$ cat structure-v5.cif   # mmCIF, C-alpha atoms
data_query
loop_
_atom_site.label_atom_id
_atom_site.label_comp_id
_atom_site.auth_asym_id
_atom_site.auth_seq_id
_atom_site.Cartn_x
_atom_site.Cartn_y
_atom_site.Cartn_z
CA MET A 1 24.28 26.52 -5.93
CA LYS A 2 25.23 28.90 -3.17
CA ASP A 3 24.44 28.31 0.49
CA LYS A 4 22.63 31.61 1.12
CA LEU A 5 19.19 32.48 -0.14
CA VAL A 6 17.37 35.79 -0.43
CA ILE A 7 13.60 35.44 -0.08
CA ILE A 8 11.69 38.18 -1.90
CA PRO A 9 7.94 38.03 -1.25
CA ALA A 10 6.05 40.07 -3.83
CA PHE A 11 2.42 41.05 -4.05
CA ASN A 12 1.54 43.59 -6.75
CA GLU A 13 5.10 44.90 -6.92
CA ALA A 14 5.34 45.25 -10.72
CA GLY A 15 6.68 48.79 -10.23
CA CYS A 16 9.85 47.77 -8.46
CA ILE A 17 10.32 44.01 -8.50
CA VAL A 18 12.77 44.16 -11.43
CA ASN A 19 14.93 46.79 -9.71
CA THR A 20 14.82 44.91 -6.42
CA VAL A 21 15.95 41.63 -7.96
CA ASN A 22 18.59 43.23 -10.18
CA ASP A 23 19.92 45.09 -7.16
CA ILE A 24 20.33 41.75 -5.38
CA ILE A 25 21.93 40.02 -8.37
CA GLU A 26 24.45 42.86 -8.74
CA ASN A 27 25.16 43.79 -5.15
CA ALA A 28 24.82 40.49 -3.34
CA PRO A 29 26.68 38.03 -5.54
CA GLU A 30 27.17 35.43 -2.80
CA PHE A 31 23.39 34.92 -2.57
CA ASP A 32 20.87 32.92 -4.55
CA TYR A 33 17.42 34.47 -4.55
CA VAL A 34 13.83 33.36 -4.96
CA VAL A 35 10.88 35.63 -5.67
CA ILE A 36 7.62 34.39 -4.13
CA ASN A 37 4.80 35.87 -6.17
CA ASP A 38 1.73 35.82 -3.94
CA CYS A 39 -0.74 35.63 -6.83
CA SER A 40 -0.25 39.30 -7.76
CA ARG A 41 -3.00 40.88 -9.83
CA ASP A 42 -0.56 43.04 -11.76
CA ASP A 43 2.32 42.05 -14.03
CA THR A 44 4.72 41.01 -11.25
CA TYR A 45 4.82 37.37 -12.34
CA LYS A 46 5.01 38.18 -16.05
CA LEU A 47 7.92 40.54 -15.46
CA CYS A 48 9.75 37.90 -13.40
CA VAL A 49 9.32 35.28 -16.13
CA GLU A 50 10.32 37.72 -18.87
CA HIS A 51 13.51 38.59 -17.03
CA GLY A 52 14.21 34.93 -16.30
CA PHE A 53 14.07 35.45 -12.54
CA ASN A 54 13.88 32.49 -10.18
CA VAL A 55 10.24 32.76 -9.13
CA VAL A 56 7.75 30.59 -7.24
CA ASN A 57 4.17 31.45 -8.11
CA LEU A 58 1.54 30.81 -5.43
CA PRO A 59 -1.70 29.78 -7.17
CA ILE A 60 -3.89 31.33 -4.44
CA ASN A 61 -3.29 34.63 -2.71
CA SER A 62 -2.14 33.54 0.75
CA GLY A 63 -0.84 36.62 2.54
CA ILE A 64 2.63 37.95 3.26
CA GLY A 65 3.33 35.44 6.04
CA ALA A 66 2.49 32.46 3.85
CA ALA A 67 4.57 33.91 1.00
CA VAL A 68 7.63 34.36 3.20
CA GLN A 69 7.10 30.90 4.67
CA THR A 70 7.10 29.47 1.15
CA GLY A 71 10.56 30.97 0.85
CA TYR A 72 11.68 29.21 4.02
CA LEU A 73 10.15 25.96 2.80
CA TYR A 74 12.08 26.43 -0.44
CA ALA A 75 15.27 27.11 1.53
CA LYS A 76 14.67 23.99 3.60
CA ARG A 77 14.02 21.77 0.57
CA TYR A 78 17.00 23.04 -1.39
CA GLY A 79 19.35 22.80 1.58
CA TYR A 80 20.29 26.45 2.12
CA LYS A 81 22.32 27.25 5.25
CA TYR A 82 21.22 30.86 5.53
CA ALA A 83 18.10 32.64 4.40
CA ILE A 84 17.30 36.32 4.47
CA GLN A 85 13.99 37.90 3.67
CA VAL A 86 13.77 41.33 2.10
CA ASP A 87 10.72 43.26 1.00
CA GLY A 88 9.83 43.24 -2.69
CA ASP A 89 9.26 46.99 -2.71
CA GLY A 90 12.90 48.07 -2.94
CA GLN A 91 13.17 49.53 0.57
CA HIS A 92 16.06 47.27 1.41
CA ASP A 93 19.54 47.92 0.08
CA ALA A 94 21.13 44.71 -1.22
CA ALA A 95 24.57 46.06 -0.33
CA PHE A 96 23.85 45.18 3.32
CA LEU A 97 23.17 41.52 2.60
CA GLY A 98 26.86 40.63 2.41
CA THR A 99 27.57 42.51 5.65
CA MET A 100 24.77 40.64 7.40
CA ALA A 101 25.97 37.27 6.07
CA ARG A 102 29.53 37.87 7.30
CA TYR A 103 28.21 38.86 10.73
CA MET A 104 26.10 35.68 10.88
CA GLU A 105 29.04 33.48 9.90
CA GLU A 106 31.37 35.10 12.43
CA HIS A 107 29.00 35.17 15.39
CA GLY A 108 26.81 32.10 14.72
CA THR A 109 23.73 34.20 15.45
CA GLY A 110 20.31 32.53 15.22
CA MET A 111 18.54 35.51 13.73
CA LEU A 112 20.04 38.79 12.59
CA ILE A 113 17.80 41.82 12.11
CA GLY A 114 18.77 44.80 9.96
CA SER A 115 17.82 47.80 12.09
CA ARG A 116 17.12 51.34 10.95
CA TYR A 117 17.39 52.73 14.45
CA ILE A 118 20.92 51.90 15.59
CA GLU A 119 22.70 54.53 13.54
CA LYS A 120 19.49 56.35 12.60
CA GLN A 121 20.44 56.89 8.97
CA GLY A 122 18.32 56.78 5.84
CA PHE A 123 14.54 56.56 5.71
CA GLN A 124 13.22 56.55 9.28
CA SER A 125 9.48 56.07 8.67
CA SER A 126 6.82 58.60 9.64
CA GLY A 127 6.29 59.85 13.20
CA LEU A 128 3.28 57.77 14.10
CA ARG A 129 4.83 54.62 12.69
CA ARG A 130 8.03 55.26 14.63
CA PHE A 131 5.92 55.50 17.76
CA GLY A 132 4.32 52.15 16.94
CA ILE A 133 7.74 50.58 16.42
CA LYS A 134 8.94 52.01 19.77
CA TYR A 135 5.89 50.49 21.41
CA PHE A 136 6.79 47.03 20.10
CA THR A 137 10.39 47.49 21.24
CA VAL A 138 9.08 48.11 24.77
CA LEU A 139 6.54 45.27 24.58
CA ILE A 140 9.17 42.77 23.42
CA LYS A 141 11.57 43.99 26.12
CA ILE A 142 8.89 43.31 28.75
CA LEU A 143 7.99 39.91 27.31
CA THR A 144 11.47 38.57 26.64
CA GLY A 145 13.95 40.90 28.35
CA LYS A 146 15.64 41.45 24.99
CA ARG A 147 15.87 44.91 23.48
CA ILE A 148 15.21 44.94 19.73
CA THR A 149 15.42 48.45 18.31
CA ASP A 150 13.63 47.66 15.03
CA PRO A 151 11.20 44.80 15.66
CA THR A 152 9.14 45.53 12.52
CA SER A 153 12.12 45.44 10.17
CA GLY A 154 11.40 43.05 7.32
CA MET A 155 15.11 42.54 6.72
CA ARG A 156 16.15 39.52 8.77
CA MET A 157 18.58 36.69 8.22
CA VAL A 158 18.31 33.29 9.88
CA GLY A 159 20.43 30.13 10.02
CA ARG A 160 19.53 26.55 9.14
CA ASP A 161 17.77 25.67 12.44
CA ILE A 162 15.40 28.60 12.20
CA ILE A 163 14.85 27.99 8.46
CA GLU A 164 13.54 24.54 9.38
CA TYR A 165 11.44 25.95 12.20
CA PHE A 166 9.94 28.74 10.03
CA ALA A 167 9.14 26.24 7.28
CA GLU A 168 6.75 24.61 9.76
CA GLU A 169 5.59 27.52 11.90
CA TYR A 170 5.20 31.05 10.63
CA PRO A 171 2.46 33.63 11.33
CA LYS A 172 -0.01 34.28 8.55
CA ASP A 173 0.21 38.05 8.53
CA TYR A 174 2.33 40.80 10.14
CA PRO A 175 4.91 38.25 11.29
CA GLU A 176 7.88 40.44 12.25
CA PRO A 177 7.45 41.35 15.95
CA GLU A 178 5.80 38.03 16.77
CA THR A 179 8.57 35.89 15.29
CA ALA A 180 11.20 37.97 17.10
CA VAL A 181 9.52 37.03 20.40
CA THR A 182 9.22 33.37 19.40
CA ILE A 183 12.88 33.11 18.40
CA VAL A 184 14.14 34.69 21.64
CA LYS A 185 11.78 32.52 23.72
CA ARG A 186 12.92 29.34 22.01
CA GLY A 187 16.47 30.09 23.04
CA TRP A 188 18.00 31.22 19.78
CA THR A 189 20.14 34.35 19.74
CA VAL A 190 18.86 37.52 18.12
CA ASP A 191 21.22 40.31 17.11
CA GLU A 192 20.79 43.55 15.22
CA ILE A 193 23.14 45.41 12.95
CA PRO A 194 22.61 48.87 11.50
CA VAL A 195 21.26 49.14 7.96
CA VAL A 196 20.00 52.04 5.90
CA MET A 197 16.59 51.71 4.28
CA LYS A 198 15.10 53.68 1.45
CA GLU A 199 11.60 54.98 1.04
CA ARG A 200 9.50 52.49 -0.90
CA GLN A 201 9.93 52.95 -4.65
CA ALA A 202 6.38 52.10 -5.69
CA GLY A 203 3.23 50.43 -4.41
CA THR A 204 1.65 50.95 -1.00
CA SER A 205 2.40 49.60 2.45
CA SER A 206 0.30 46.67 3.62
CA ILE A 207 -0.46 48.64 6.78
CA SER A 208 -2.84 51.45 5.85
CA PRO A 209 -3.99 53.95 8.54
CA LYS A 210 -7.31 52.12 8.77
CA ARG A 211 -5.60 48.82 9.39
CA SER A 212 -3.05 50.15 11.85
CA VAL A 213 -5.42 49.80 14.81
CA TYR A 214 -6.07 46.19 13.86
CA TYR A 215 -2.33 45.75 13.38
CA MET A 216 -1.45 47.06 16.85
CA ILE A 217 -4.05 44.90 18.59
CA LYS A 218 -3.42 41.75 16.59
CA VAL A 219 0.35 41.93 16.76
CA SER A 220 0.36 42.81 20.47
CA LEU A 221 -1.80 39.79 21.21
CA ALA A 222 0.33 37.61 18.94
CA CYS A 223 3.47 38.71 20.82
CA VAL A 224 1.91 37.91 24.18
CA MET A 225 0.73 34.51 22.92
CA ALA A 226 4.15 33.79 21.44
CA ALA A 227 5.78 34.66 24.76
CA MET A 228 3.47 32.32 26.65
CA SER A 229 3.37 29.39 24.25
CA VAL A 230 6.90 28.09 24.66
CA MET B 231 -48.90 23.75 22.55
CA THR B 232 -51.84 22.43 20.49
CA THR B 233 -51.84 19.00 18.91
CA GLU B 234 -51.78 20.61 15.44
CA ILE B 235 -48.55 22.45 16.12
CA GLN B 236 -47.09 19.31 17.67
CA VAL B 237 -47.81 17.42 14.47
CA ILE B 238 -46.42 20.21 12.30
CA ILE B 239 -43.17 20.40 14.29
CA ILE B 240 -42.71 16.63 14.21
CA VAL B 241 -43.38 16.42 10.47
CA LEU B 242 -41.05 19.34 9.67
CA SER B 243 -38.27 17.90 11.83
CA GLY B 244 -38.75 14.51 10.21
CA LEU B 245 -38.51 16.08 6.75
CA GLY B 246 -35.41 17.98 7.86
CA ILE B 247 -33.74 14.78 9.01
CA LEU B 248 -34.60 13.08 5.72
CA TYR B 249 -33.23 16.08 3.76
CA ILE B 250 -29.94 16.03 5.69
CA GLY B 251 -29.76 12.25 5.30
CA ASN B 252 -30.09 12.67 1.56
CA LEU B 253 -27.34 15.33 1.47
CA VAL B 254 -25.05 12.85 3.23
CA ARG B 255 -26.10 10.13 0.81
CA VAL B 256 -25.16 12.17 -2.27
CA ARG B 257 -21.97 13.27 -0.47
CA ARG B 258 -22.78 16.98 -0.34
CA LEU B 259 -22.44 16.90 3.44
CA GLU B 260 -19.85 15.12 5.59
CA LEU B 261 -21.50 12.63 7.93
CA LYS B 262 -19.19 13.96 10.65
CA TYR B 263 -20.80 17.41 10.47
CA ALA B 264 -24.31 16.06 9.82
CA LEU B 265 -24.46 14.12 13.09
CA ILE B 266 -25.04 17.22 15.21
CA TRP B 267 -27.97 18.24 13.00
CA PHE B 268 -29.50 14.76 13.24
CA LEU B 269 -29.23 15.11 17.00
CA VAL B 270 -31.06 18.46 16.91
CA GLY B 271 -33.85 16.97 14.81
CA VAL B 272 -34.29 14.02 17.13
CA LEU B 273 -34.30 16.24 20.24
CA VAL B 274 -36.91 18.56 18.72
CA ILE B 275 -39.14 15.58 17.90
CA ILE B 276 -38.75 14.13 21.40
CA PHE B 277 -39.65 17.42 23.09
CA ALA B 278 -42.53 18.06 20.69
CA ALA B 279 -43.96 14.60 21.28
CA ASN B 280 -43.72 14.87 25.09
CA LYS B 281 -44.75 18.45 25.79
CA HIS B 282 -44.73 18.08 29.56
CA TRP B 283 -40.96 17.30 29.40
CA LEU B 284 -40.18 20.85 28.32
CA GLN B 285 -42.47 22.13 31.07
CA SER B 286 -40.78 20.08 33.78
CA LEU B 287 -37.30 20.99 32.52
CA SER B 288 -38.23 24.70 32.67
CA ASN B 289 -39.62 24.26 36.18
CA PHE B 290 -36.48 22.46 37.25
CA LEU B 291 -34.26 25.33 35.99
CA GLY B 292 -36.63 27.96 37.40
CA ILE B 293 -37.53 29.39 33.99
CA GLU B 294 -41.15 30.52 34.00
CA LEU B 295 -42.07 30.24 30.33
CA PRO B 296 -41.12 27.01 28.53
CA ILE B 297 -40.57 29.06 25.35
CA ASN B 298 -37.71 30.95 27.08
CA MET B 299 -36.19 27.62 27.96
CA LEU B 300 -36.32 26.79 24.26
CA PHE B 301 -34.65 30.08 23.25
CA PHE B 302 -31.95 29.58 25.85
CA ALA B 303 -31.18 26.04 24.73
CA GLY B 304 -31.26 27.07 21.08
CA PHE B 305 -28.88 29.97 21.69
CA ILE B 306 -26.33 27.83 23.55
CA PHE B 307 -26.55 25.26 20.79
CA VAL B 308 -25.99 27.79 17.99
CA LEU B 309 -22.99 29.24 19.83
CA MET B 310 -21.52 25.76 20.13
CA ILE B 311 -21.97 25.04 16.44
CA ILE B 312 -20.44 28.37 15.38
CA PHE B 313 -17.47 27.83 17.64
CA THR B 314 -16.89 24.33 16.28
CA GLN B 315 -16.96 25.78 12.78
CA THR B 316 -14.40 28.43 13.72
CA ILE B 317 -12.06 25.61 14.71
CA VAL B 318 -12.78 23.75 11.48
CA ILE B 319 -12.11 26.90 9.43
CA SER B 320 -8.80 27.52 11.22
CA ASN B 321 -7.67 24.01 10.37
CA LEU B 322 -8.77 24.38 6.77
CA THR B 323 -6.95 27.71 6.42
CA ARG B 324 -3.76 26.10 7.63
CA ARG B 325 -4.12 23.19 5.25
CA VAL B 326 -4.96 25.34 2.24
CA LYS B 327 -1.93 27.49 3.00
CA ARG B 328 0.41 24.52 3.09
CA LEU B 329 -1.10 23.06 -0.09
CA THR B 330 -0.73 26.40 -1.87
CA GLN B 331 2.92 26.56 -0.87
CA GLU B 332 3.57 23.00 -1.98
CA VAL B 333 1.80 23.57 -5.30
CA GLY B 334 3.86 26.72 -5.87
CA ILE B 335 7.14 24.93 -5.22
CA LEU B 336 6.07 21.86 -7.23
CA ASN B 337 5.08 24.01 -10.20
CA LYS B 338 8.46 25.66 -10.08
CA ARG B 339 10.27 22.32 -10.02
CA ILE B 340 8.22 21.08 -12.96
CA ASP B 341 8.85 24.30 -14.90
CA ASP B 342 12.58 23.95 -14.18
CA ILE B 343 12.59 20.34 -15.34
CA ILE B 344 10.70 21.21 -18.53
CA ALA B 345 12.99 24.15 -19.20
CA ALA B 346 16.06 21.99 -18.72
CA GLY B 347 14.72 19.01 -20.66
CA THR B 348 13.24 20.41 -23.86
CA PRO B 349 14.31 23.34 -26.02
CA SER B 350 10.72 24.58 -26.20
CA GLY B 351 10.26 24.12 -22.47
CA GLU B 352 10.21 27.80 -21.68
CA GLY B 353 7.35 28.46 -24.07
CA VAL B 354 5.27 25.68 -22.50
CA MET B 355 5.84 27.08 -19.06
CA LEU B 356 4.90 30.64 -20.03
CA GLU B 357 1.65 29.61 -21.64
CA LYS B 358 0.54 27.39 -18.78
CA SER B 359 1.34 29.88 -16.09
CA SER B 360 -0.43 32.80 -17.77
CA ASN B 361 -3.56 30.69 -18.28
CA LYS B 362 -3.61 29.95 -14.59
CA ASN B 363 -3.42 33.64 -13.71
CA GLU B 364 -6.36 34.47 -15.92
CA GLU B 365 -8.50 31.81 -14.28
CA GLU B 366 -7.68 33.31 -10.94
CA LYS B 367 -8.74 36.77 -12.13
CA GLY B 368 -11.94 35.42 -13.55
CA GLU B 369 -13.13 34.17 -10.19
#

$ encode --input "structure-v5.cif" --output "structure tokens"
Amino acid sequence: MKDKLVIIPAFNEAGCIVNTVNDIIENAPEFDYVVINDCSRDDTYKLCVEHGFNVVNLPINSGIGAAVQTGYLYAKRYGYKYAIQVDGDGQHDAAFLGTMARYMEEHGTGMLIGSRYIEKQGFQSSGLRRFGIKYFTVLIKILTGKRITDPTSGMRMVGRDIIEYFAEEYPKDYPEPETAVTIVKRGWTVDEIPVVMKERQAGTSSISPKRSVYYMIKVSLACVMAAMSV
Amino acid sequence: MTTEIQVIIIVLSGLGILYIGNLVRVRRLELKYALIWFLVGVLVIIFAANKHWLQSLSNFLGIELPINMLFFAGFIFVLMIIFTQTIVISNLTRRVKRLTQEVGILNKRIDDIIAAGTPSGEGVMLEKSSNKNEEEKGE
């Protein structure tokens, strides 16, 4: 067993789960991985079993936050030193996992976020979404004093302490900006390194235009609460 | 309030209390959550039996019609119950989430053990897991 784990939450990702996992197996050899199938209604689980992937199947659909947290619980139980979550939709390039792991090991960072907006290469998201991300950067800066250029990035690696913390406490949905605030507030270090992301290969984003208003309000409130609750 | 309506209210409340009591008896309702409804029933009976109490309470609070006093009290009470239930639901959500995660990880461990222990282990695991998915779809 290796000491680094890739957590791949998947909900209805039959279109790209195989590519995502194979990408990780090929391009991130120093990592173990676990797919968390959040009770997908398509063939995601079947494909994982057919390909012999390491998959945990949640018997009830529990939401992205709960799926990712299952990964952290798994990492805690199996004694992993580092865990990184990537999205199951193939947006994240496995080639960056090794780079992130080396950075973590050198700098002893608490949480390392893969940011699209340091070198501004690759898929940059649509205009309105970029504005939303900017907004959270500003909000987090106000709340914590820390500037995080890509607070909604789903690509984030954490060390053992935060694995144990996330296994107990993790937001139910849209966890990214909120957990960034929590981690800074609890005194862990947060760093970012540049990564390049691709456009999603298949499936749809969990944040549809209709839900984006709810997203902004809910996540803003969650960030404020997280900043106050330490 | 006429004597007839007084009797009707008292009888209905009494029946309600008996009904709730029976639900608790056959374990359809947790006693913990039934208590508040018992309390409501008893209060309604008390105020129906002593109609001048409602009148004097309304006078004391400066509410002209006793019926408005009743609406007000009922509204506050309903809000309280709904809020309590929101808290209960939040707790339940959290617990269901953790159980789901534990079941997922447990299932995986069992599948791994079966796969490692018996040559036909993989087949067993496939069959079981796909059954489970179908049940989920059926719901």

$ residues_around --input "structure-v5.cif" --residues "B:Ile311" --least-positions-apart "3" --cutoff "12 Å" --atoms "all atoms listed in the file" --output "list in words"
Tyr263, Ala264, Leu265, Ile266, Trp267, Val270, Gly304, Phe305, Ile306, Phe307, Val308, Thr314, Gln315, Thr316, Ile317 and Val318 of chain B

$ interface_residues --input "structure-v5.cif" --of "chain A" --to "chain B" --cutoff "7 Å" --atoms "all atoms listed in the file" --output "mmCIF file with C-alpha atoms, keeping the file's coordinate frame"
data_model
loop_
_atom_site.group_PDB
_atom_site.id
_atom_site.type_symbol
_atom_site.label_atom_id
_atom_site.label_comp_id
_atom_site.auth_asym_id
_atom_site.auth_seq_id
_atom_site.Cartn_x
_atom_site.Cartn_y
_atom_site.Cartn_z
ATOM 1 C CA VAL A 56 7.750 30.590 -7.240
ATOM 2 C CA ASN A 57 4.170 31.450 -8.110
ATOM 3 C CA LEU A 58 1.540 30.810 -5.430
ATOM 4 C CA PRO A 59 -1.700 29.780 -7.170
ATOM 5 C CA ILE A 60 -3.890 31.330 -4.440
ATOM 6 C CA SER A 62 -2.140 33.540 0.750
ATOM 7 C CA ALA A 66 2.490 32.460 3.850
ATOM 8 C CA THR A 70 7.100 29.470 1.150
#

$ residues_around --input "structure-v5.cif" --residues "stretch 132-141 of chain A" --least-positions-apart "6" --cutoff "9 Å" --atoms "all atoms listed in the file" --output "CSV table (one decimal) with C-alpha atoms, keeping the file's coordinate frame"
chain,number,residue,atom,x,y,z
A,147,ARG,CA,15.9,44.9,23.5
A,148,ILE,CA,15.2,44.9,19.7
A,149,THR,CA,15.4,48.4,18.3
A,150,ASP,CA,13.6,47.7,15.0
A,151,PRO,CA,11.2,44.8,15.7
A,152,THR,CA,9.1,45.5,12.5
A,177,PRO,CA,7.4,41.4,16.0
A,178,GLU,CA,5.8,38.0,16.8
A,180,ALA,CA,11.2,38.0,17.1
A,181,VAL,CA,9.5,37.0,20.4
A,216,MET,CA,-1.4,47.1,16.8
A,219,VAL,CA,0.4,41.9,16.8
A,220,SER,CA,0.4,42.8,20.5
A,223,CYS,CA,3.5,38.7,20.8
A,224,VAL,CA,1.9,37.9,24.2
A,227,ALA,CA,5.8,34.7,24.8

$ residues_around --input "structure-v5.cif" --residues "B:Gly244" --least-positions-apart "2" --cutoff "12 Å" --atoms "all atoms listed in the file" --output "mmCIF file with C-alpha atoms, in the frame of the given file"
data_model
loop_
_atom_site.group_PDB
_atom_site.id
_atom_site.type_symbol
_atom_site.label_atom_id
_atom_site.label_comp_id
_atom_site.auth_asym_id
_atom_site.auth_seq_id
_atom_site.Cartn_x
_atom_site.Cartn_y
_atom_site.Cartn_z
ATOM 1 C CA VAL B 237 -47.810 17.420 14.470
ATOM 2 C CA ILE B 238 -46.420 20.210 12.300
ATOM 3 C CA ILE B 239 -43.170 20.400 14.290
ATOM 4 C CA ILE B 240 -42.710 16.630 14.210
ATOM 5 C CA VAL B 241 -43.380 16.420 10.470
ATOM 6 C CA LEU B 242 -41.050 19.340 9.670
ATOM 7 C CA GLY B 246 -35.410 17.980 7.860
ATOM 8 C CA ILE B 247 -33.740 14.780 9.010
ATOM 9 C CA LEU B 248 -34.600 13.080 5.720
ATOM 10 C CA TYR B 249 -33.230 16.080 3.760
ATOM 11 C CA ILE B 250 -29.940 16.030 5.690
ATOM 12 C CA GLY B 251 -29.760 12.250 5.300
ATOM 13 C CA TRP B 267 -27.970 18.240 13.000
ATOM 14 C CA PHE B 268 -29.500 14.760 13.240
ATOM 15 C CA LEU B 269 -29.230 15.110 17.000
ATOM 16 C CA VAL B 270 -31.060 18.460 16.910
ATOM 17 C CA GLY B 271 -33.850 16.970 14.810
ATOM 18 C CA VAL B 272 -34.290 14.020 17.130
ATOM 19 C CA LEU B 273 -34.300 16.240 20.240
ATOM 20 C CA VAL B 274 -36.910 18.560 18.720
ATOM 21 C CA ILE B 275 -39.140 15.580 17.900
ATOM 22 C CA ILE B 276 -38.750 14.130 21.400
ATOM 23 C CA ALA B 278 -42.530 18.060 20.690
#

$ resolve_selection --input "structure-v5.cif" --expression "the PyMOL selection byres ((chain A and resi 101) around 9)" --output "compact mmCIF listing (two decimals) with C-alpha atoms, in the frame of the given file"
# COMPACT_ATOMS: atom_id res chain seq x y z
CA LYS A 4 22.63 31.61 1.12
CA TYR A 82 21.22 30.86 5.53
CA ILE A 84 17.30 36.32 4.47
CA PHE A 96 23.85 45.18 3.32
CA LEU A 97 23.17 41.52 2.60
CA GLY A 98 26.86 40.63 2.41
CA THR A 99 27.57 42.51 5.65
CA MET A 100 24.77 40.64 7.40
CA ARG A 102 29.53 37.87 7.30
CA TYR A 103 28.21 38.86 10.73
CA MET A 104 26.10 35.68 10.88
CA GLU A 105 29.04 33.48 9.90
CA GLU A 106 31.37 35.10 12.43
CA LEU A 112 20.04 38.79 12.59
CA MET A 157 18.58 36.69 8.22

$ resolve_selection --input "structure-v5.cif" --expression "the PyMOL selection byres ((chain A and resi 194) around 7)" --output "PyMOL selection string"
chain A and resi 114-116+118-119+192-193+195-196

$ atom_distance --input "structure-v5.cif" --atom1 "atom CA of A:Thr189" --atom2 "atom CA of A:Gly108"
8.6 Å

$ closest_residue --input "structure-v5.cif" --among "B:Arg325, B:Ile312, B:Thr232, B:Phe277" --to "B:Pro296" --atoms "all atoms listed in the file"
B:Phe277

$ residues_around --input "structure-v5.cif" --residues "stretch 14-19 of chain A" --least-positions-apart "3" --cutoff "12 Å" --atoms "only C-alpha atoms" --output "VMD selection string"
chain A and resid 8 to 11 22 to 27 34 to 37 40 to 55 86 to 94 200 to 204

$ decode --input "structure-v5.cif" --residues "stretch 271-283 of chain B" --atoms "N, CA, C and O atoms" --output "PDB file, in the first residue's frame"
ATOM      1  N   GLY B 271     -53.386  18.376  24.002  1.00  0.00           N
ATOM      2  CA  GLY B 271     -54.710  17.834  24.270  1.00  0.00           C
ATOM      3  C   GLY B 271     -55.215  18.236  25.644  1.00  0.00           C
ATOM      4  O   GLY B 271     -56.348  18.710  25.803  1.00  0.00           O
ATOM      5  N   VAL B 272     -54.338  18.089  26.629  1.00  0.00           N
ATOM      6  CA  VAL B 272     -54.728  18.417  28.002  1.00  0.00           C
ATOM      7  C   VAL B 272     -55.057  19.899  28.122  1.00  0.00           C
ATOM      8  O   VAL B 272     -56.084  20.283  28.711  1.00  0.00           O
ATOM      9  N   LEU B 273     -54.228  20.763  27.533  1.00  0.00           N
ATOM     10  CA  LEU B 273     -54.473  22.203  27.598  1.00  0.00           C
ATOM     11  C   LEU B 273     -55.814  22.562  26.971  1.00  0.00           C
ATOM     12  O   LEU B 273     -56.588  23.354  27.515  1.00  0.00           O
ATOM     13  N   VAL B 274     -56.093  21.966  25.789  1.00  0.00           N
ATOM     14  CA  VAL B 274     -57.357  22.255  25.113  1.00  0.00           C
ATOM     15  C   VAL B 274     -58.530  21.862  26.014  1.00  0.00           C
ATOM     16  O   VAL B 274     -59.497  22.614  26.166  1.00  0.00           O
ATOM     17  N   ILE B 275     -58.437  20.691  26.645  1.00  0.00           N
ATOM     18  CA  ILE B 275     -59.518  20.237  27.519  1.00  0.00           C
ATOM     19  C   ILE B 275     -59.698  21.196  28.704  1.00  0.00           C
ATOM     20  O   ILE B 275     -60.808  21.607  29.027  1.00  0.00           O
ATOM     21  N   ILE B 276     -58.573  21.603  29.292  1.00  0.00           N
ATOM     22  CA  ILE B 276     -58.650  22.518  30.442  1.00  0.00           C
ATOM     23  C   ILE B 276     -59.336  23.824  30.051  1.00  0.00           C
ATOM     24  O   ILE B 276     -60.246  24.291  30.737  1.00  0.00           O
ATOM     25  N   PHE B 277     -58.923  24.393  28.907  1.00  0.00           N
ATOM     26  CA  PHE B 277     -59.497  25.680  28.512  1.00  0.00           C
ATOM     27  C   PHE B 277     -60.947  25.541  28.044  1.00  0.00           C
ATOM     28  O   PHE B 277     -61.731  26.477  28.180  1.00  0.00           O
ATOM     29  N   ALA B 278     -61.286  24.365  27.490  1.00  0.00           N
ATOM     30  CA  ALA B 278     -62.671  24.159  27.073  1.00  0.00           C
ATOM     31  C   ALA B 278     -63.580  23.985  28.289  1.00  0.00           C
ATOM     32  O   ALA B 278     -64.715  24.459  28.321  1.00  0.00           O
ATOM     33  N   ALA B 279     -63.053  23.321  29.311  1.00  0.00           N
ATOM     34  CA  ALA B 279     -63.854  23.063  30.511  1.00  0.00           C
ATOM     35  C   ALA B 279     -64.056  24.335  31.339  1.00  0.00           C
ATOM     36  O   ALA B 279     -65.104  24.524  31.940  1.00  0.00           O
ATOM     37  N   ASN B 280     -63.052  25.220  31.353  1.00  0.00           N
ATOM     38  CA  ASN B 280     -63.165  26.469  32.106  1.00  0.00           C
ATOM     39  C   ASN B 280     -63.157  27.640  31.143  1.00  0.00           C
ATOM     40  O   ASN B 280     -62.110  28.234  30.902  1.00  0.00           O
ATOM     41  N   LYS B 281     -64.312  27.975  30.548  1.00  0.00           N
ATOM     42  CA  LYS B 281     -64.274  28.935  29.451  1.00  0.00           C
ATOM     43  C   LYS B 281     -63.913  30.345  29.902  1.00  0.00           C
ATOM     44  O   LYS B 281     -63.383  31.119  29.129  1.00  0.00           O
ATOM     45  N   HIS B 282     -64.143  30.661  31.173  1.00  0.00           N
ATOM     46  CA  HIS B 282     -63.789  32.009  31.618  1.00  0.00           C
ATOM     47  C   HIS B 282     -62.269  32.191  31.728  1.00  0.00           C
ATOM     48  O   HIS B 282     -61.770  33.290  31.745  1.00  0.00           O
ATOM     49  N   TRP B 283     -61.501  31.067  31.774  1.00  0.00           N
ATOM     50  CA  TRP B 283     -60.030  31.184  31.834  1.00  0.00           C
ATOM     51  C   TRP B 283     -59.498  31.860  30.572  1.00  0.00           C
ATOM     52  O   TRP B 283     -58.627  32.709  30.634  1.00  0.00           O
TER      53      TRP B 283
END
